[in-house]
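Peer 1: Below you'll find the structure I mean.
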Amino acid sequence: LCSYKDMLKGGRDQTKTEEALAELKKTIQLFALAEEATLAREKIKECEDRLAEHLFGIGDYYYRAKSYKSAIVRLNEILLKYPLFPNMDKVYFGLGDSFFLWGKHPESVPYFTKLVTDYGTSKYGLKAQKRLKEIEAAKAKAPAAPAPAPVKK
């Protein structure tokens, strides 16, 4: 709990948060049925949310700086490490839009689709619907691929 009490806000150094998370997990392993384990589980959720928010801040910075590859790395880390992050709609949109703005439209489609199906009424779900329409319109405007040249024998 000492490290937990010394945790800093999301945009700051998260060393104490990582220390607290490790110690809280040890508490659960050693004392799974004790009352302290219940408290530790609650604190773990708070630590994980803070670490995910920190990663999101970094990813969002790279997104706004138009460094889309770096944004994708940070945001993807949230998907892998913190799947219960409460602002996952922002993460999916950041990933999808980073791929979209990077010019990799096919890679953005799964993230936008996930947003529309799971978070359709959120503001990010509505933005994702617009992006999907833009992708479809771009596909429709694209010229058909030329037929392969005949092979001469």
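Residues are named by chain letter and number: chains run A, B, ... in the order of the structure tokens, numbers start at 1 in each chain, and ligands are numbered from 1 in the order shown.
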Using only C-alpha atoms, which protein or nucleic acid residues come within 9 Å of range 54-71 of chain A? Drop anything in the same chain fewer than 3 positions from it, and give the result as a tab-separated table (two decimals) with C-alpha atoms, in the first residue's frame.

Peer 2:
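Saved file part-v1.tsv follows:
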chain	number	residue	atom	x	y	z
A	9	LYS	CA	-1.38	10.83	-11.96
A	10	GLY	CA	-1.60	9.38	-15.48
A	11	GLY	CA	0.78	11.75	-17.26
A	12	ARG	CA	3.57	11.25	-14.75
A	13	ASP	CA	6.12	8.52	-13.99
A	14	GLN	CA	4.30	5.25	-13.30
A	49	ASP	CA	-6.65	1.59	-15.24
A	50	ARG	CA	-4.04	4.19	-14.35
A	51	LEU	CA	-1.34	2.39	-16.37
A	74	ARG	CA	1.06	2.25	-27.55
A	75	LEU	CA	-2.65	1.77	-28.14
A	76	ASN	CA	-2.21	-1.86	-29.09
A	77	GLU	CA	-0.37	-2.41	-25.81
A	78	ILE	CA	-3.54	-1.35	-23.99
A	90	LYS	CA	-11.23	5.70	-27.40
A	91	VAL	CA	-8.53	3.05	-27.85
A	94	GLY	CA	-7.31	5.76	-31.97
A	95	LEU	CA	-6.08	2.51	-33.49
A	97	ASP	CA	-7.95	6.25	-37.17
A	98	SER	CA	-4.18	5.90	-36.93
A	99	PHE	CA	-4.26	3.16	-39.56
A	101	LEU	CA	-4.70	8.40	-41.56
A	102	TRP	CA	-1.51	6.40	-42.20

Peer 1: For Thr27 in chain A, please output as a PyMOL selection string all residues within 8 Å (counting only C-alpha atoms; exclusion window: fewer than 4 positions along the same chain).

Peer 2: chain A and resi 23+31-32+36-37+40

Peer 1: Could you take the residues named above and write them with all heavy atoms, as a short mmCIF file (atom, residue, chain, number, x, y, z; two decimals), in the first residue's frame?

Peer 2:
data_model
loop_
_atom_site.label_atom_id
_atom_site.label_comp_id
_atom_site.auth_asym_id
_atom_site.auth_seq_id
_atom_site.Cartn_x
_atom_site.Cartn_y
_atom_site.Cartn_z
N GLU A 23 3.10 -5.84 -6.14
CA GLU A 23 2.92 -6.23 -4.74
C GLU A 23 1.48 -6.67 -4.45
O GLU A 23 1.25 -7.61 -3.69
CB GLU A 23 3.32 -5.09 -3.81
CG GLU A 23 4.81 -4.78 -3.83
CD GLU A 23 5.69 -5.98 -3.46
OE1 GLU A 23 5.32 -6.72 -2.52
OE2 GLU A 23 6.73 -6.17 -4.10
N PHE A 31 -2.23 -14.81 -0.18
CA PHE A 31 -3.37 -14.79 0.75
C PHE A 31 -4.69 -14.73 -0.01
O PHE A 31 -5.50 -13.84 0.21
CB PHE A 31 -3.25 -13.58 1.70
CG PHE A 31 -1.91 -13.45 2.34
CD1 PHE A 31 -1.01 -12.49 1.91
CD2 PHE A 31 -1.54 -14.30 3.37
CE1 PHE A 31 0.24 -12.36 2.50
CE2 PHE A 31 -0.30 -14.18 3.97
CZ PHE A 31 0.60 -13.22 3.54
N ALA A 32 -4.90 -15.68 -0.90
CA ALA A 32 -6.05 -15.65 -1.81
C ALA A 32 -7.40 -15.57 -1.10
O ALA A 32 -8.33 -14.95 -1.61
CB ALA A 32 -6.01 -16.86 -2.73
N GLU A 36 -7.65 -9.22 2.85
CA GLU A 36 -6.74 -8.33 2.14
C GLU A 36 -6.73 -8.59 0.64
O GLU A 36 -6.49 -7.70 -0.16
CB GLU A 36 -5.31 -8.46 2.70
CG GLU A 36 -5.11 -7.86 4.07
CD GLU A 36 -5.62 -8.74 5.21
OE1 GLU A 36 -6.06 -9.90 4.95
OE2 GLU A 36 -5.61 -8.27 6.35
N ALA A 37 -6.98 -9.85 0.25
CA ALA A 37 -7.01 -10.20 -1.17
C ALA A 37 -8.15 -9.48 -1.88
O ALA A 37 -8.00 -9.04 -3.03
CB ALA A 37 -7.13 -11.71 -1.35
N ALA A 40 -7.04 -6.02 -2.34
CA ALA A 40 -5.98 -6.01 -3.36
C ALA A 40 -6.58 -6.06 -4.77
O ALA A 40 -6.10 -5.38 -5.67
CB ALA A 40 -5.02 -7.17 -3.14
#

Peer 1: What's around Pro106 in chain A at 10 Å? Count only C-alpha atoms, leave out sequence neighbours fewer than 6 positions away in its own chain, and write the answer as a short mmCIF file (atom, residue, chain, number, x, y, z; two decimals) with N, CA, C and O atoms, in the first residue's frame.

Peer 2:
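What follows is the written file part.cif:
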data_model
loop_
_atom_site.label_atom_id
_atom_site.label_comp_id
_atom_site.auth_asym_id
_atom_site.auth_seq_id
_atom_site.Cartn_x
_atom_site.Cartn_y
_atom_site.Cartn_z
N GLY A 96 -7.92 2.55 -35.06
CA GLY A 96 -8.50 2.59 -36.40
C GLY A 96 -8.14 3.85 -37.16
O GLY A 96 -7.76 3.80 -38.33
N PHE A 99 -4.45 3.92 -38.32
CA PHE A 99 -4.26 3.16 -39.56
C PHE A 99 -4.87 3.92 -40.74
O PHE A 99 -4.27 3.99 -41.82
N PHE A 100 -6.06 4.47 -40.54
CA PHE A 100 -6.74 5.19 -41.62
C PHE A 100 -5.91 6.38 -42.11
O PHE A 100 -5.68 6.53 -43.31
N ILE A 135 -14.26 4.84 -46.32
CA ILE A 135 -13.48 3.72 -46.88
C ILE A 135 -14.26 3.06 -48.01
O ILE A 135 -13.70 2.77 -49.08
#

Peer 1: Could you write out, as a short mmCIF file (atom, residue, chain, number, x, y, z; two decimals) with N, CA and C atoms, in the first residue's frame, all the residues of range 20-113 of chain A that DSSP marks as helix (DSSP H, G or I)?

Peer 2:
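Generated file (states.cif):
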data_model
loop_
_atom_site.label_atom_id
_atom_site.label_comp_id
_atom_site.auth_asym_id
_atom_site.auth_seq_id
_atom_site.Cartn_x
_atom_site.Cartn_y
_atom_site.Cartn_z
N ALA A 20 3.27 -1.06 -7.07
CA ALA A 20 2.06 -1.37 -6.32
C ALA A 20 1.32 -2.54 -6.96
N LEU A 21 1.22 -2.54 -8.26
CA LEU A 21 0.53 -3.62 -8.97
C LEU A 21 1.21 -4.95 -8.70
N ALA A 22 2.54 -4.99 -8.78
CA ALA A 22 3.28 -6.24 -8.53
C ALA A 22 3.05 -6.73 -7.10
N GLU A 23 3.10 -5.84 -6.14
CA GLU A 23 2.92 -6.23 -4.74
C GLU A 23 1.48 -6.67 -4.45
N LEU A 24 0.53 -6.01 -5.07
CA LEU A 24 -0.87 -6.40 -4.87
C LEU A 24 -1.14 -7.79 -5.46
N LYS A 25 -0.52 -8.08 -6.59
CA LYS A 25 -0.66 -9.42 -7.18
C LYS A 25 -0.03 -10.47 -6.28
N LYS A 26 1.10 -10.14 -5.66
CA LYS A 26 1.72 -11.07 -4.71
C LYS A 26 0.79 -11.34 -3.53
N THR A 27 0.13 -10.30 -3.06
CA THR A 27 -0.79 -10.44 -1.94
C THR A 27 -1.89 -11.45 -2.28
N ILE A 28 -2.41 -11.36 -3.47
CA ILE A 28 -3.47 -12.28 -3.88
C ILE A 28 -2.95 -13.70 -3.97
N GLN A 29 -1.72 -13.86 -4.49
CA GLN A 29 -1.14 -15.20 -4.60
C GLN A 29 -0.91 -15.82 -3.22
N LEU A 30 -0.42 -15.02 -2.29
CA LEU A 30 -0.07 -15.55 -0.98
C LEU A 30 -1.27 -15.71 -0.05
N GLU A 35 -9.10 -11.39 3.68
CA GLU A 35 -9.82 -10.14 3.42
C GLU A 35 -8.96 -9.16 2.63
N GLU A 36 -7.65 -9.22 2.85
CA GLU A 36 -6.74 -8.33 2.14
C GLU A 36 -6.73 -8.59 0.64
N ALA A 37 -6.98 -9.85 0.25
CA ALA A 37 -7.01 -10.20 -1.17
C ALA A 37 -8.15 -9.48 -1.88
N THR A 38 -9.27 -9.33 -1.22
CA THR A 38 -10.41 -8.62 -1.80
C THR A 38 -10.05 -7.16 -2.03
N LEU A 39 -9.43 -6.56 -1.04
CA LEU A 39 -8.98 -5.17 -1.17
C LEU A 39 -7.92 -5.05 -2.27
N ALA A 40 -7.04 -6.02 -2.34
CA ALA A 40 -5.98 -6.01 -3.36
C ALA A 40 -6.58 -6.06 -4.77
N ARG A 41 -7.63 -6.86 -4.96
CA ARG A 41 -8.26 -6.95 -6.29
C ARG A 41 -8.83 -5.60 -6.73
N GLU A 42 -9.42 -4.89 -5.80
CA GLU A 42 -9.95 -3.55 -6.12
C GLU A 42 -8.81 -2.60 -6.49
N LYS A 43 -7.75 -2.65 -5.73
CA LYS A 43 -6.61 -1.77 -5.97
C LYS A 43 -5.91 -2.12 -7.29
N ILE A 44 -5.88 -3.41 -7.62
CA ILE A 44 -5.27 -3.84 -8.89
C ILE A 44 -6.00 -3.21 -10.06
N LYS A 45 -7.32 -3.21 -10.00
CA LYS A 45 -8.12 -2.60 -11.08
C LYS A 45 -7.77 -1.12 -11.23
N GLU A 46 -7.63 -0.42 -10.11
CA GLU A 46 -7.26 1.00 -10.17
C GLU A 46 -5.87 1.19 -10.77
N CYS A 47 -4.92 0.33 -10.38
CA CYS A 47 -3.56 0.43 -10.92
C CYS A 47 -3.55 0.17 -12.42
N GLU A 48 -4.25 -0.87 -12.84
CA GLU A 48 -4.28 -1.20 -14.27
C GLU A 48 -4.94 -0.09 -15.08
N ASP A 49 -6.00 0.48 -14.54
CA ASP A 49 -6.65 1.59 -15.24
C ASP A 49 -5.72 2.79 -15.36
N ARG A 50 -4.97 3.05 -14.32
CA ARG A 50 -4.04 4.19 -14.35
C ARG A 50 -2.91 3.94 -15.35
N LEU A 51 -2.40 2.72 -15.40
CA LEU A 51 -1.34 2.39 -16.37
C LEU A 51 -1.88 2.46 -17.80
N ALA A 52 -3.10 1.99 -18.00
CA ALA A 52 -3.72 2.06 -19.33
C ALA A 52 -3.95 3.51 -19.73
N GLU A 53 -4.40 4.32 -18.80
CA GLU A 53 -4.63 5.74 -19.09
C GLU A 53 -3.31 6.43 -19.44
N HIS A 54 -2.25 6.04 -18.77
CA HIS A 54 -0.92 6.59 -19.07
C HIS A 54 -0.50 6.22 -20.50
N LEU A 55 -0.66 4.94 -20.85
CA LEU A 55 -0.34 4.51 -22.21
C LEU A 55 -1.21 5.22 -23.24
N PHE A 56 -2.48 5.41 -22.90
CA PHE A 56 -3.37 6.11 -23.82
C PHE A 56 -2.89 7.54 -24.04
N GLY A 57 -2.45 8.19 -22.99
CA GLY A 57 -1.93 9.56 -23.12
C GLY A 57 -0.75 9.63 -24.07
N ILE A 58 0.14 8.65 -23.97
CA ILE A 58 1.30 8.60 -24.87
C ILE A 58 0.84 8.33 -26.30
N GLY A 59 -0.05 7.35 -26.45
CA GLY A 59 -0.57 7.03 -27.78
C GLY A 59 -1.29 8.21 -28.40
N ASP A 60 -2.07 8.92 -27.60
CA ASP A 60 -2.80 10.09 -28.09
C ASP A 60 -1.85 11.20 -28.50
N TYR A 61 -0.77 11.35 -27.75
CA TYR A 61 0.24 12.35 -28.12
C TYR A 61 0.82 12.03 -29.50
N TYR A 62 1.19 10.77 -29.70
CA TYR A 62 1.75 10.38 -31.00
C TYR A 62 0.72 10.52 -32.11
N TYR A 63 -0.53 10.22 -31.82
CA TYR A 63 -1.61 10.36 -32.79
C TYR A 63 -1.73 11.82 -33.24
N ARG A 64 -1.77 12.73 -32.25
CA ARG A 64 -1.88 14.16 -32.58
C ARG A 64 -0.64 14.69 -33.28
N TYR A 68 1.80 7.97 -36.51
CA TYR A 68 0.77 6.95 -36.39
C TYR A 68 1.31 5.58 -36.00
N LYS A 69 2.48 5.23 -36.49
CA LYS A 69 3.05 3.93 -36.14
C LYS A 69 3.30 3.85 -34.64
N SER A 70 3.85 4.90 -34.06
CA SER A 70 4.11 4.93 -32.61
C SER A 70 2.81 4.92 -31.83
N ALA A 71 1.80 5.62 -32.31
CA ALA A 71 0.49 5.62 -31.65
C ALA A 71 -0.09 4.21 -31.64
N ILE A 72 0.02 3.52 -32.74
CA ILE A 72 -0.52 2.17 -32.85
C ILE A 72 0.16 1.23 -31.86
N VAL A 73 1.47 1.36 -31.71
CA VAL A 73 2.19 0.50 -30.77
C VAL A 73 1.66 0.71 -29.35
N ARG A 74 1.52 1.96 -28.92
CA ARG A 74 1.06 2.25 -27.55
C ARG A 74 -0.38 1.81 -27.33
N LEU A 75 -1.24 2.11 -28.29
CA LEU A 75 -2.65 1.77 -28.14
C LEU A 75 -2.88 0.26 -28.19
N ASN A 76 -2.10 -0.41 -29.01
CA ASN A 76 -2.21 -1.86 -29.09
C ASN A 76 -1.77 -2.52 -27.78
N GLU A 77 -0.82 -1.90 -27.11
CA GLU A 77 -0.37 -2.41 -25.81
C GLU A 77 -1.52 -2.40 -24.79
N ILE A 78 -2.38 -1.41 -24.89
CA ILE A 78 -3.54 -1.35 -23.99
C ILE A 78 -4.46 -2.53 -24.27
N LEU A 79 -4.69 -2.82 -25.55
CA LEU A 79 -5.55 -3.96 -25.90
C LEU A 79 -5.00 -5.26 -25.32
N LEU A 80 -3.69 -5.42 -25.39
CA LEU A 80 -3.08 -6.66 -24.94
C LEU A 80 -2.99 -6.77 -23.42
N LYS A 81 -2.60 -5.69 -22.75
CA LYS A 81 -2.34 -5.75 -21.31
C LYS A 81 -3.55 -5.41 -20.45
N MET A 88 -12.25 1.89 -23.60
CA MET A 88 -11.77 1.11 -24.73
C MET A 88 -12.28 1.67 -26.07
N ASP A 89 -13.41 2.38 -26.06
CA ASP A 89 -13.89 2.96 -27.32
C ASP A 89 -12.89 3.98 -27.86
N LYS A 90 -12.25 4.74 -26.98
CA LYS A 90 -11.23 5.70 -27.40
C LYS A 90 -10.02 4.97 -27.99
N VAL A 91 -9.68 3.83 -27.39
CA VAL A 91 -8.53 3.05 -27.85
C VAL A 91 -8.80 2.50 -29.25
N TYR A 92 -9.97 1.89 -29.44
CA TYR A 92 -10.31 1.35 -30.76
C TYR A 92 -10.34 2.45 -31.82
N PHE A 93 -10.89 3.60 -31.47
CA PHE A 93 -10.92 4.67 -32.46
C PHE A 93 -9.51 5.17 -32.76
N GLY A 94 -8.69 5.32 -31.75
CA GLY A 94 -7.31 5.76 -31.97
C GLY A 94 -6.55 4.80 -32.87
N LEU A 95 -6.74 3.51 -32.65
CA LEU A 95 -6.08 2.51 -33.49
C LEU A 95 -6.61 2.58 -34.93
N GLY A 96 -7.92 2.55 -35.06
CA GLY A 96 -8.50 2.59 -36.40
C GLY A 96 -8.14 3.85 -37.16
N ASP A 97 -8.24 4.98 -36.49
CA ASP A 97 -7.95 6.25 -37.17
C ASP A 97 -6.47 6.40 -37.48
N SER A 98 -5.61 5.84 -36.63
CA SER A 98 -4.18 5.90 -36.93
C SER A 98 -3.88 5.12 -38.21
N PHE A 99 -4.45 3.92 -38.32
CA PHE A 99 -4.26 3.16 -39.56
C PHE A 99 -4.87 3.92 -40.74
N PHE A 100 -6.06 4.47 -40.54
CA PHE A 100 -6.74 5.19 -41.62
C PHE A 100 -5.91 6.38 -42.11
N LEU A 101 -5.46 7.21 -41.19
CA LEU A 101 -4.70 8.40 -41.56
C LEU A 101 -3.31 8.05 -42.08
N HIS A 105 -5.97 1.66 -44.96
CA HIS A 105 -7.42 1.55 -44.75
C HIS A 105 -7.88 0.14 -44.41
N PRO A 106 -7.38 -0.90 -45.09
CA PRO A 106 -7.85 -2.25 -44.74
C PRO A 106 -7.56 -2.63 -43.28
N GLU A 107 -6.43 -2.16 -42.75
CA GLU A 107 -6.08 -2.47 -41.36
C GLU A 107 -6.97 -1.72 -40.37
N SER A 108 -7.56 -0.62 -40.79
CA SER A 108 -8.40 0.17 -39.89
C SER A 108 -9.81 -0.40 -39.76
N VAL A 109 -10.26 -1.13 -40.75
CA VAL A 109 -11.64 -1.62 -40.79
C VAL A 109 -12.02 -2.46 -39.56
N PRO A 110 -11.18 -3.42 -39.10
CA PRO A 110 -11.61 -4.21 -37.93
C PRO A 110 -11.83 -3.37 -36.67
N TYR A 111 -11.02 -2.34 -36.49
CA TYR A 111 -11.17 -1.49 -35.31
C TYR A 111 -12.43 -0.64 -35.39
N PHE A 112 -12.69 -0.09 -36.57
CA PHE A 112 -13.91 0.70 -36.75
C PHE A 112 -15.15 -0.19 -36.63
N THR A 113 -15.07 -1.39 -37.17
CA THR A 113 -16.20 -2.32 -37.09
C THR A 113 -16.48 -2.70 -35.64
#

Peer 1: Record the distance separating CA of Pro86 in chain A and CA of Lys104 in chain A, expressed in Å with one decimal.

Peer 2: 26.8 Å

Peer 1: Take CA of Lys133 in chain A and CA of Leu115 in chain A and report the distance between them in Å, one decimal.

Peer 2: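 So the two atoms, CA of Lys133 in chain A and CA of Leu115 in chain A, lie 13.8 Å apart.
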